[in-house]
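K.L.:
Got a structure for you, questions after.
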Amino acid sequence: MPDPNGFLRYERQLPARRPVAVRITDWREVYPPAGAELIREQATRCMDCGIPFCHDGCPLGNRIPDWNDLVRTGNWDAAVESLHATNNFPEFTGRLCPAPCEAACVLGLGGQQPVTIKQVEVEIADAAVARGGLNPHPVPASTGRSVAVVGSGPAGLAAAQQLARAGHAVTVYERDDAIGGLLRYGIPDFKLEKQHIDRRVAQLAAEGVQFRTGVNIGVDVTAEELRGRHDAVLLACGALQGRDTPETPGRPLRGVHQAMTHLVAANRVVAAAGDGRPAPAVLPDGTPIDAAGRHVVIIGGGDTAADCLGVAHRQGAAGVHQLDLYPEPPHGRDAERDPWPTWPWVLRNYPAHEEGGDRVFAVAVQEFVDDGTGQVKGVRIAEVTVERRDGRRVVTALPGSERELPADLVLLAIGFEGTEEQPLLAQFGVTRNARGAVDARPDWQTDADGVFVAGDMHRGASLIVWAIAEGRAAAAAIHSYLGGIGTLPAPVDPARQPLAAR
Ligand SMILES: Cc1cc2nc3c(=O)[nH]c(=O)nc-3n(C[C@H](O)[C@H](O)[C@H](O)COP(=O)(O)OP(=O)(O)OC[C@H]3O[C@@H](n4cnc5c(N)ncnc54)[C@H](O)[C@@H]3O)c2cc1C
Ligand code: SF4
């Protein structure tokens, strides 16, 4: 019987992050493992609510109160099993998810701090590794049917594992040189060390999944060839079309880049260097894109911007400004605007923010300033107000508020415009909608029969937890399309949206 008063005895507490002065000299994860006693106390704060709203917050439908209680009682093997029943890769979500489940935790209703669900999750996931819980699952007799998965991010990998475990022959095609999608070269090691991906890839390979890296579907292998080889295709190509600002004067200057250009270059250096202090990051053509000794301006306020901030400090930036168009959000939930249990608009402080840099809110870039040689030397900004008029965003600069910030490196982290326009789309006869995403029918098929879609490619730039949920659900649909016996779990349908007040 769970402890109904645990939250009265124990305060919410996370493990202490590694000291800033130490962690910015390396690329290791920010959080050390939590002590067993701390995690037991935190799991004890869960009331095992009769109606656990954390479930509704989580697209995977994770059995949160169950595994909290199993951790409280020290039943770790059962906790590992319960967690994996709904989530293929809890070590990814436990480290990286913004945790909509915590925003929906019932403790938040009464003014209490929510249960540290995500931290309990990551400790169970790591316990699985320590206890051999990542051993490959036994795979049933082959169904004789074969599936191609295009893209090896969390959506593609979750689908591949589900389908292989149902007896289908699965091949994952990835155009990059390594498996993992954005987890591999988008997200820096200080948030997710890459051995976590490698372990899962080894598990999937042992379960029969074939991996083909360096294969760009639509270029190296045509859609027709792929359809000839397999009975069904899942497209999980992500939403990697970065938003740009071509109208801003000075955009073509050297030193102004898409954030992902910087992150991928930096993460590749870390991948090549292991744990050591990496060499400077460069683009494939040799252009340096390293922040060392430079004044960096990051434009944008989300995950990508925070990742650029952490990378810039580890590379030894002289100074960093992070600019946001919108005013500083409130520090706590505004119940009028975002009532519990919805996801609130609040100031989000990532660990990267305590490592330095200046956040500047309610400003817009007016010009990237030329040093006279075609290299950026500054960013001219103005204070702005942002309003919605007739459904459109109207940004108004305040007269006389302009100033210049020094900038040798400018990184655009202003969002994504859906999946990339690439040959594969036309070859499969699939089109991008107004959001740049690919629509799915209720059974996850695109306009092309036998071609399914999942993850960011379908949803638009989103979260790992949604990618895994969609990958699992699309796998269930493919299993049924192939005439597989029984059903696979489908936690979401293509129309499912996050919890919202209206
Ligand atoms: C910098 C950054 C930080 C983020 N941080 C977080 C975070 O902390 N928490 C969180 O929950 N989410 C985060 N996200 C979002 C999260 O990474 C994505 O929502 C998730 O990775 C989407 O998974 P996916 O499988 O749909 O696609 P992706 O991970 O984008 O993978 C798509 C893969 O498809 C491959 N591909 C594309 N076209 C082809 C082709 N023609 N042939 C072969 N392969 C192809 C690509 O190379 C890529 O590897 C972050 C995103 C970014 C950009
Ligand atoms: S809502 Fe919070 S307290 Fe209730 S079961 Fe979920 S984690 Fe536990």
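Scheme for the structure tokens: letters A, B, ... for chains in order shown; per-chain residue numbers from 1; ligand numbers from 1 in order shown.
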So which residues touch Val363 (chain A) within 9 Å, counting only C-alpha atoms, skipping near sequence neighbours fewer than 6 positions away, as a list in words?

P.N.:
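With the cut-off at 9 Å, the set is Leu323, Asp324, Leu325, Tyr326, Pro327, Ile381, Ala382, Glu383, Val384, Thr385 and Ala397 of chain A.
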
K.L.:
Would you mind listing the residues within 12 Å of ligand 2, counting only C-alpha atoms and all ligand atoms, as a PyMOL selection string?

P.N.:
chain A and resi 2-8+12+42-58+61-69+72+99-110+112-121+340-341

K.L.:
Any chance you could export the current selection's C-alpha atoms as a compact mmCIF listing (two decimals), in the first residue's frame?

P.N.:
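And here's result.txt as it stands now:
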# COMPACT_ATOMS: atom_id res chain seq x y z
CA PRO A 2 1.65 3.30 -1.08
CA ASP A 3 2.37 5.89 1.57
CA PRO A 4 -0.38 8.57 1.29
CA ASN A 5 1.64 10.95 3.46
CA GLY A 6 5.04 10.51 1.82
CA PHE A 7 4.89 13.94 0.21
CA LEU A 8 4.35 15.49 3.65
CA ARG A 12 10.91 17.24 -3.74
CA GLN A 42 11.23 10.67 -3.87
CA ALA A 43 9.27 7.64 -5.06
CA THR A 44 7.59 7.57 -1.62
CA ARG A 45 6.14 11.04 -2.35
CA CYS A 46 3.81 9.43 -4.93
CA MET A 47 0.29 9.00 -3.51
CA ASP A 48 -0.75 6.37 -6.11
CA CYS A 49 -3.75 8.54 -6.96
CA GLY A 50 -7.02 6.82 -7.78
CA ILE A 51 -7.06 8.86 -10.99
CA PRO A 52 -3.36 9.44 -11.74
CA PHE A 53 -3.29 12.49 -14.00
CA CYS A 54 0.41 11.88 -14.64
CA HIS A 55 -0.82 9.13 -17.00
CA ASP A 56 -2.74 11.63 -19.10
CA GLY A 57 0.26 13.95 -19.25
CA CYS A 58 2.46 11.17 -20.64
CA GLY A 61 0.82 6.10 -20.73
CA ASN A 62 3.73 5.15 -18.47
CA ARG A 63 2.54 3.25 -15.37
CA ILE A 64 4.03 5.86 -13.09
CA PRO A 65 2.38 5.09 -9.74
CA ASP A 66 3.16 1.38 -10.20
CA TRP A 67 6.88 1.85 -10.67
CA ASN A 68 7.09 4.56 -8.03
CA ASP A 69 5.72 2.05 -5.52
CA ARG A 72 9.67 2.60 -2.76
CA ALA A 99 8.18 15.77 -18.23
CA PRO A 100 4.59 16.75 -19.05
CA CYS A 101 3.73 14.00 -16.51
CA GLU A 102 5.20 16.16 -13.72
CA ALA A 103 3.17 19.19 -14.83
CA ALA A 104 0.09 16.94 -14.57
CA CYS A 105 1.00 15.34 -11.20
CA VAL A 106 -1.89 15.67 -8.74
CA LEU A 107 0.46 17.04 -6.08
CA GLY A 108 0.65 20.22 -8.19
CA LEU A 109 -3.06 20.84 -7.50
CA GLY A 110 -2.61 21.47 -3.81
CA GLN A 112 2.85 20.90 -3.54
CA GLN A 113 5.85 20.21 -5.74
CA PRO A 114 5.23 17.27 -8.15
CA VAL A 115 6.87 13.89 -7.76
CA THR A 116 10.30 13.72 -9.46
CA ILE A 117 8.87 11.19 -11.93
CA LYS A 118 11.56 11.71 -14.53
CA GLN A 119 14.40 11.16 -12.05
CA VAL A 120 12.83 7.95 -10.76
CA GLU A 121 12.46 6.86 -14.39
CA TRP A 340 -3.43 22.31 -13.98
CA PRO A 341 -2.89 19.66 -15.41

K.L.:
Please measure the separation of atom 47 (O, counted along the ligand's line) of ligand 1 and CA of Arg314 (chain A), giving the value in Å to one decimal.

P.N.:
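We find that atom 47 (O, counted along the ligand's line) of ligand 1 and CA of Arg314 (chain A) lie 25.3 Å from each other.
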
K.L.:
Contacts of region 292-301 of chain A at 9 Å or less, counting only C-alpha atoms, minus same-chain residues fewer than 2 places along, as JSON, numbers by chain?

P.N.:
{"A": [259, 280, 290, 303, 304, 305, 306, 308, 309, 312, 313, 314, 315, 316, 317, 318, 319, 320, 321, 322, 323, 324, 325, 326, 359, 364, 365, 377, 378, 379, 405, 406, 407, 408, 409, 410, 411, 412, 413, 414, 415]}

K.L.:
Name the residues in contact with Phe452 (chain A) at a cut-off of 6 Å, using only C-alpha atoms, excluding same-chain residues fewer than 2 positions from it; report them as a list in words.

P.N.:
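Here the qualifying residues turn out to be Leu234, Leu235, Trp444, Gln445 and Thr446 of chain A.
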
K.L.:
Restricted to N, CA and C atoms, what would the selected residues look like written as a PDB file, in the first residue's frame?

P.N.:
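Now in part-v7.pdb:
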ATOM      1  N   LEU A 234       8.109   2.408 -43.160  1.00  0.00           N
ATOM      2  CA  LEU A 234       7.793   3.472 -42.193  1.00  0.00           C
ATOM      3  C   LEU A 234       8.756   4.627 -42.428  1.00  0.00           C
ATOM      4  N   LEU A 235       8.196   5.806 -42.687  1.00  0.00           N
ATOM      5  CA  LEU A 235       9.013   7.016 -42.813  1.00  0.00           C
ATOM      6  C   LEU A 235       9.092   7.680 -41.440  1.00  0.00           C
ATOM      7  N   TRP A 444      -2.173   5.385 -39.601  1.00  0.00           N
ATOM      8  CA  TRP A 444      -0.773   5.824 -39.739  1.00  0.00           C
ATOM      9  C   TRP A 444      -0.225   5.700 -41.155  1.00  0.00           C
ATOM     10  N   GLN A 445      -1.088   5.314 -42.136  1.00  0.00           N
ATOM     11  CA  GLN A 445      -0.596   5.297 -43.518  1.00  0.00           C
ATOM     12  C   GLN A 445      -0.637   6.704 -44.097  1.00  0.00           C
ATOM     13  N   THR A 446       0.318   7.001 -44.955  1.00  0.00           N
ATOM     14  CA  THR A 446       0.313   8.263 -45.689  1.00  0.00           C
ATOM     15  C   THR A 446      -0.635   8.115 -46.877  1.00  0.00           C
TER      16      THR A 446
END

K.L.:
To one decimal place, how far is CA of Ala473 (chain A) from CA of Gly214 (chain A) in Å?

P.N.:
26.7 Å

K.L.:
Within region 77-158 of chain A, find each residue whose DSSP state, derived from the backbone, is helix (DSSP H, G or I), and express the selection as an mmCIF file with N, CA and C atoms, in the first residue's frame.

P.N.:
data_model
loop_
_atom_site.group_PDB
_atom_site.id
_atom_site.type_symbol
_atom_site.label_atom_id
_atom_site.label_comp_id
_atom_site.auth_asym_id
_atom_site.auth_seq_id
_atom_site.Cartn_x
_atom_site.Cartn_y
_atom_site.Cartn_z
ATOM 1 N N ASP A 77 13.618 -5.131 -9.952
ATOM 2 C CA ASP A 77 13.426 -5.916 -11.182
ATOM 3 C C ASP A 77 12.012 -5.712 -11.725
ATOM 4 N N ALA A 78 11.036 -5.700 -10.833
ATOM 5 C CA ALA A 78 9.654 -5.492 -11.279
ATOM 6 C C ALA A 78 9.478 -4.064 -11.801
ATOM 7 N N ALA A 79 10.191 -3.101 -11.192
ATOM 8 C CA ALA A 79 10.105 -1.707 -11.674
ATOM 9 C C ALA A 79 10.651 -1.613 -13.097
ATOM 10 N N VAL A 80 11.765 -2.305 -13.343
ATOM 11 C CA VAL A 80 12.348 -2.313 -14.699
ATOM 12 C C VAL A 80 11.334 -2.875 -15.694
ATOM 13 N N GLU A 81 10.677 -3.960 -15.316
ATOM 14 C CA GLU A 81 9.713 -4.585 -16.219
ATOM 15 C C GLU A 81 8.511 -3.665 -16.458
ATOM 16 N N SER A 82 8.017 -3.063 -15.401
ATOM 17 C CA SER A 82 6.845 -2.192 -15.518
ATOM 18 C C SER A 82 7.154 -0.986 -16.409
ATOM 19 N N LEU A 83 8.342 -0.413 -16.251
ATOM 20 C CA LEU A 83 8.720 0.770 -17.036
ATOM 21 C C LEU A 83 8.832 0.414 -18.516
ATOM 22 N N HIS A 84 9.472 -0.744 -18.803
ATOM 23 C CA HIS A 84 9.663 -1.122 -20.200
ATOM 24 C C HIS A 84 8.374 -1.618 -20.865
ATOM 25 N N PRO A 90 13.514 4.216 -21.835
ATOM 26 C CA PRO A 90 13.338 5.159 -20.721
ATOM 27 C C PRO A 90 14.622 5.911 -20.350
ATOM 28 N N GLU A 91 15.784 5.383 -20.755
ATOM 29 C CA GLU A 91 17.017 6.120 -20.452
ATOM 30 C C GLU A 91 17.100 7.400 -21.285
ATOM 31 N N PHE A 92 16.398 7.460 -22.427
ATOM 32 C CA PHE A 92 16.361 8.708 -23.211
ATOM 33 C C PHE A 92 15.361 9.686 -22.574
ATOM 34 N N THR A 93 14.142 9.215 -22.349
ATOM 35 C CA THR A 93 13.123 10.117 -21.806
ATOM 36 C C THR A 93 13.462 10.520 -20.371
ATOM 37 N N GLY A 94 14.011 9.582 -19.584
ATOM 38 C CA GLY A 94 14.355 9.925 -18.199
ATOM 39 C C GLY A 94 15.391 11.043 -18.144
ATOM 40 N N ARG A 95 16.295 11.080 -19.123
ATOM 41 C CA ARG A 95 17.310 12.138 -19.136
ATOM 42 C C ARG A 95 16.805 13.411 -19.808
ATOM 43 N N LEU A 96 15.959 13.279 -20.822
ATOM 44 C CA LEU A 96 15.737 14.413 -21.724
ATOM 45 C C LEU A 96 14.316 14.960 -21.743
ATOM 46 N N PRO A 100 5.982 16.304 -19.177
ATOM 47 C CA PRO A 100 4.591 16.748 -19.046
ATOM 48 C C PRO A 100 3.856 15.985 -17.943
ATOM 49 N N CYS A 101 4.346 14.774 -17.605
ATOM 50 C CA CYS A 101 3.727 14.004 -16.507
ATOM 51 C C CYS A 101 3.869 14.754 -15.181
ATOM 52 N N GLU A 102 5.005 15.434 -14.990
ATOM 53 C CA GLU A 102 5.202 16.157 -13.718
ATOM 54 C C GLU A 102 4.293 17.378 -13.657
ATOM 55 N N ALA A 103 4.096 18.040 -14.813
ATOM 56 C CA ALA A 103 3.173 19.192 -14.830
ATOM 57 C C ALA A 103 1.758 18.740 -14.497
ATOM 58 N N VAL A 106 -0.811 15.176 -9.609
ATOM 59 C CA VAL A 106 -1.891 15.672 -8.744
ATOM 60 C C VAL A 106 -1.336 16.508 -7.580
ATOM 61 N N LEU A 107 -0.114 16.238 -7.162
ATOM 62 C CA LEU A 107 0.457 17.037 -6.080
ATOM 63 C C LEU A 107 0.489 18.523 -6.444
ATOM 64 N N GLY A 108 0.612 18.824 -7.748
ATOM 65 C CA GLY A 108 0.652 20.215 -8.191
ATOM 66 C C GLY A 108 -0.637 20.956 -7.935
ATOM 67 N N LEU A 109 -1.754 20.213 -7.742
ATOM 68 C CA LEU A 109 -3.061 20.838 -7.497
ATOM 69 C C LEU A 109 -3.102 21.556 -6.165
ATOM 70 N N GLY A 110 -2.514 20.926 -5.168
ATOM 71 C CA GLY A 110 -2.608 21.474 -3.812
ATOM 72 C C GLY A 110 -1.430 22.365 -3.457
ATOM 73 N N ILE A 117 9.168 12.397 -11.141
ATOM 74 C CA ILE A 117 8.868 11.191 -11.931
ATOM 75 C C ILE A 117 10.027 10.857 -12.865
ATOM 76 N N LYS A 118 10.516 11.913 -13.519
ATOM 77 C CA LYS A 118 11.560 11.705 -14.526
ATOM 78 C C LYS A 118 12.847 11.160 -13.898
ATOM 79 N N GLN A 119 13.173 11.631 -12.706
ATOM 80 C CA GLN A 119 14.401 11.157 -12.050
ATOM 81 C C GLN A 119 14.256 9.697 -11.615
ATOM 82 N N VAL A 120 13.060 9.359 -11.127
ATOM 83 C CA VAL A 120 12.826 7.954 -10.758
ATOM 84 C C VAL A 120 12.952 7.090 -12.022
ATOM 85 N N GLU A 121 12.412 7.612 -13.122
ATOM 86 C CA GLU A 121 12.463 6.863 -14.389
ATOM 87 C C GLU A 121 13.909 6.587 -14.803
ATOM 88 N N VAL A 122 14.753 7.617 -14.747
ATOM 89 C CA VAL A 122 16.126 7.423 -15.213
ATOM 90 C C VAL A 122 16.878 6.453 -14.299
ATOM 91 N N GLU A 123 16.566 6.476 -13.008
ATOM 92 C CA GLU A 123 17.261 5.547 -12.089
ATOM 93 C C GLU A 123 16.823 4.106 -12.359
ATOM 94 N N ILE A 124 15.539 3.915 -12.693
ATOM 95 C CA ILE A 124 15.095 2.550 -13.028
ATOM 96 C C ILE A 124 15.765 2.112 -14.329
ATOM 97 N N ALA A 125 15.820 3.038 -15.301
ATOM 98 C CA ALA A 125 16.427 2.692 -16.594
ATOM 99 C C ALA A 125 17.891 2.303 -16.396
ATOM 100 N N ASP A 126 18.599 3.046 -15.554
ATOM 101 C CA ASP A 126 20.017 2.721 -15.333
ATOM 102 C C ASP A 126 20.157 1.424 -14.528
ATOM 103 N N ALA A 127 19.188 1.173 -13.640
ATOM 104 C CA ALA A 127 19.214 -0.086 -12.892
ATOM 105 C C ALA A 127 19.046 -1.258 -13.854
ATOM 106 N N ALA A 128 18.261 -1.038 -14.919
ATOM 107 C CA ALA A 128 18.065 -2.103 -15.908
ATOM 108 C C ALA A 128 19.403 -2.501 -16.514
ATOM 109 N N VAL A 129 20.232 -1.508 -16.821
ATOM 110 C CA VAL A 129 21.557 -1.800 -17.399
ATOM 111 C C VAL A 129 22.395 -2.549 -16.367
ATOM 112 N N ALA A 130 22.397 -2.038 -15.142
ATOM 113 C CA ALA A 130 23.228 -2.644 -14.098
ATOM 114 C C ALA A 130 22.804 -4.090 -13.824
ATOM 115 N N PRO A 154 14.380 8.323 -32.371
ATOM 116 C CA PRO A 154 13.597 7.535 -31.425
ATOM 117 C C PRO A 154 12.310 6.954 -32.004
ATOM 118 N N ALA A 155 11.693 7.635 -32.973
ATOM 119 C CA ALA A 155 10.467 7.088 -33.577
ATOM 120 C C ALA A 155 10.797 5.828 -34.367
ATOM 121 N N GLY A 156 11.814 5.917 -35.229
ATOM 122 C CA GLY A 156 12.190 4.766 -36.054
ATOM 123 C C GLY A 156 12.672 3.600 -35.204
ATOM 124 N N LEU A 157 13.465 3.892 -34.180
ATOM 125 C CA LEU A 157 14.015 2.813 -33.350
ATOM 126 C C LEU A 157 12.914 2.117 -32.536
ATOM 127 N N ALA A 158 11.980 2.910 -31.995
ATOM 128 C CA ALA A 158 10.891 2.301 -31.205
ATOM 129 C C ALA A 158 10.058 1.390 -32.097
#

K.L.:
Given the choices A:Thr419, A:Thr86, A:Thr171, A:Thr373, which gets closest to Asp231 (chain A) if the distance is worked out from only C-alpha atoms?

P.N.:
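Of the candidates, the smallest distance to Asp231 (chain A) is held by A:Thr171.
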
K.L.:
Looking at only C-alpha atoms, which of A:Arg496, A:Arg392, A:His262, A:Arg432 is the one that sits closest to Asp307 (chain A)?

P.N.:
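Checking each of A:Arg496, A:Arg392, A:His262, A:Arg432 against Asp307 (chain A), counting only C-alpha atoms, the winner is A:His262.
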
K.L.:
As a list in words, please: the residues near Thr248 (chain A) (cut-off 10 Å, only C-alpha atoms, same-chain neighbours under 4 positions excluded).

P.N.:
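After dropping sequence-adjacent residues, the list is Asp244, Pro252, Val365, Gln366, Glu367 and Phe368 of chain A.
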
K.L.:
Write the residues of the selection above to a file with C-alpha atoms, as a short mmCIF file (atom, residue, chain, number, x, y, z; two decimals), in the first residue's frame.

P.N.:
data_model
loop_
_atom_site.label_atom_id
_atom_site.label_comp_id
_atom_site.auth_asym_id
_atom_site.auth_seq_id
_atom_site.Cartn_x
_atom_site.Cartn_y
_atom_site.Cartn_z
CA ASP A 244 15.66 30.98 -41.08
CA PRO A 252 24.48 36.14 -45.59
CA VAL A 365 17.31 41.37 -34.31
CA GLN A 366 17.20 44.34 -36.69
CA GLU A 367 20.50 43.64 -38.46
CA PHE A 368 23.56 41.40 -38.44
#

K.L.:
Neighbouring residues of Ala232 (chain A) were defined as those with any atom within 8 Å, considering only C-alpha atoms; residues of the same chain fewer than 5 positions away were excluded. Please report them as a PDB file with C-alpha atoms, in the first residue's frame.

P.N.:
ATOM      1  CA  SER A 146       9.646  -7.440 -43.932  1.00  0.00           C
ATOM      2  CA  VAL A 147       9.567  -3.751 -43.011  1.00  0.00           C
ATOM      3  CA  ALA A 148      11.854  -0.848 -43.973  1.00  0.00           C
ATOM      4  CA  ARG A 227       9.144  -0.985 -51.849  1.00  0.00           C
ATOM      5  CA  GLY A 450       1.779   0.587 -47.341  1.00  0.00           C
ATOM      6  CA  VAL A 451       3.873   3.674 -46.509  1.00  0.00           C
ATOM      7  CA  PHE A 452       3.472   4.788 -42.893  1.00  0.00           C
ATOM      8  CA  ILE A 478       2.027  -1.961 -39.569  1.00  0.00           C
ATOM      9  CA  LEU A 482       0.860  -7.223 -42.439  1.00  0.00           C
TER      10      LEU A 482
END

K.L.:
Would you compute the distance between CA of Gln162 (chain A) and atom 36 (N, counted along the ligand's line) of ligand 1? Give it in Å to one decimal.

P.N.:
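Taking CA of Gln162 (chain A) and atom 36 (N, counted along the ligand's line) of ligand 1, their separation equals 19.6 Å.
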
K.L.:
Go through A:Gly310, A:Gly484, A:Pro246, A:Pro494 and flag the residue nearest Pro59 (chain A), using only C-alpha atoms for the distances.

P.N.:
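That would be A:Pro494, the residue with the smallest distance to Pro59 (chain A).
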
K.L.:
Near Gly144 (chain A), counting only C-alpha atoms, which residues have an atom at most 9 Å away, once you skip same-chain residues fewer than 3 positions from it, shown as a PDB file with N, CA and C atoms, in the first residue's frame?

P.N.:
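Result file around_26.pdb:
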ATOM      1  N   ALA A 141       9.033 -16.834 -33.885  1.00  0.00           N
ATOM      2  CA  ALA A 141       9.324 -17.323 -35.247  1.00  0.00           C
ATOM      3  C   ALA A 141       9.008 -16.229 -36.260  1.00  0.00           C
ATOM      4  N   GLY A 167       8.193 -10.501 -34.690  1.00  0.00           N
ATOM      5  CA  GLY A 167       8.607 -11.534 -35.647  1.00  0.00           C
ATOM      6  C   GLY A 167       8.822 -11.046 -37.070  1.00  0.00           C
ATOM      7  N   HIS A 168       8.718  -9.739 -37.307  1.00  0.00           N
ATOM      8  CA  HIS A 168       8.943  -9.224 -38.667  1.00  0.00           C
ATOM      9  C   HIS A 168      10.440  -8.962 -38.883  1.00  0.00           C
ATOM     10  N   ALA A 169      10.856  -9.050 -40.137  1.00  0.00           N
ATOM     11  CA  ALA A 169      12.252  -8.729 -40.485  1.00  0.00           C
ATOM     12  C   ALA A 169      12.336  -7.218 -40.704  1.00  0.00           C
TER      13      ALA A 169
END
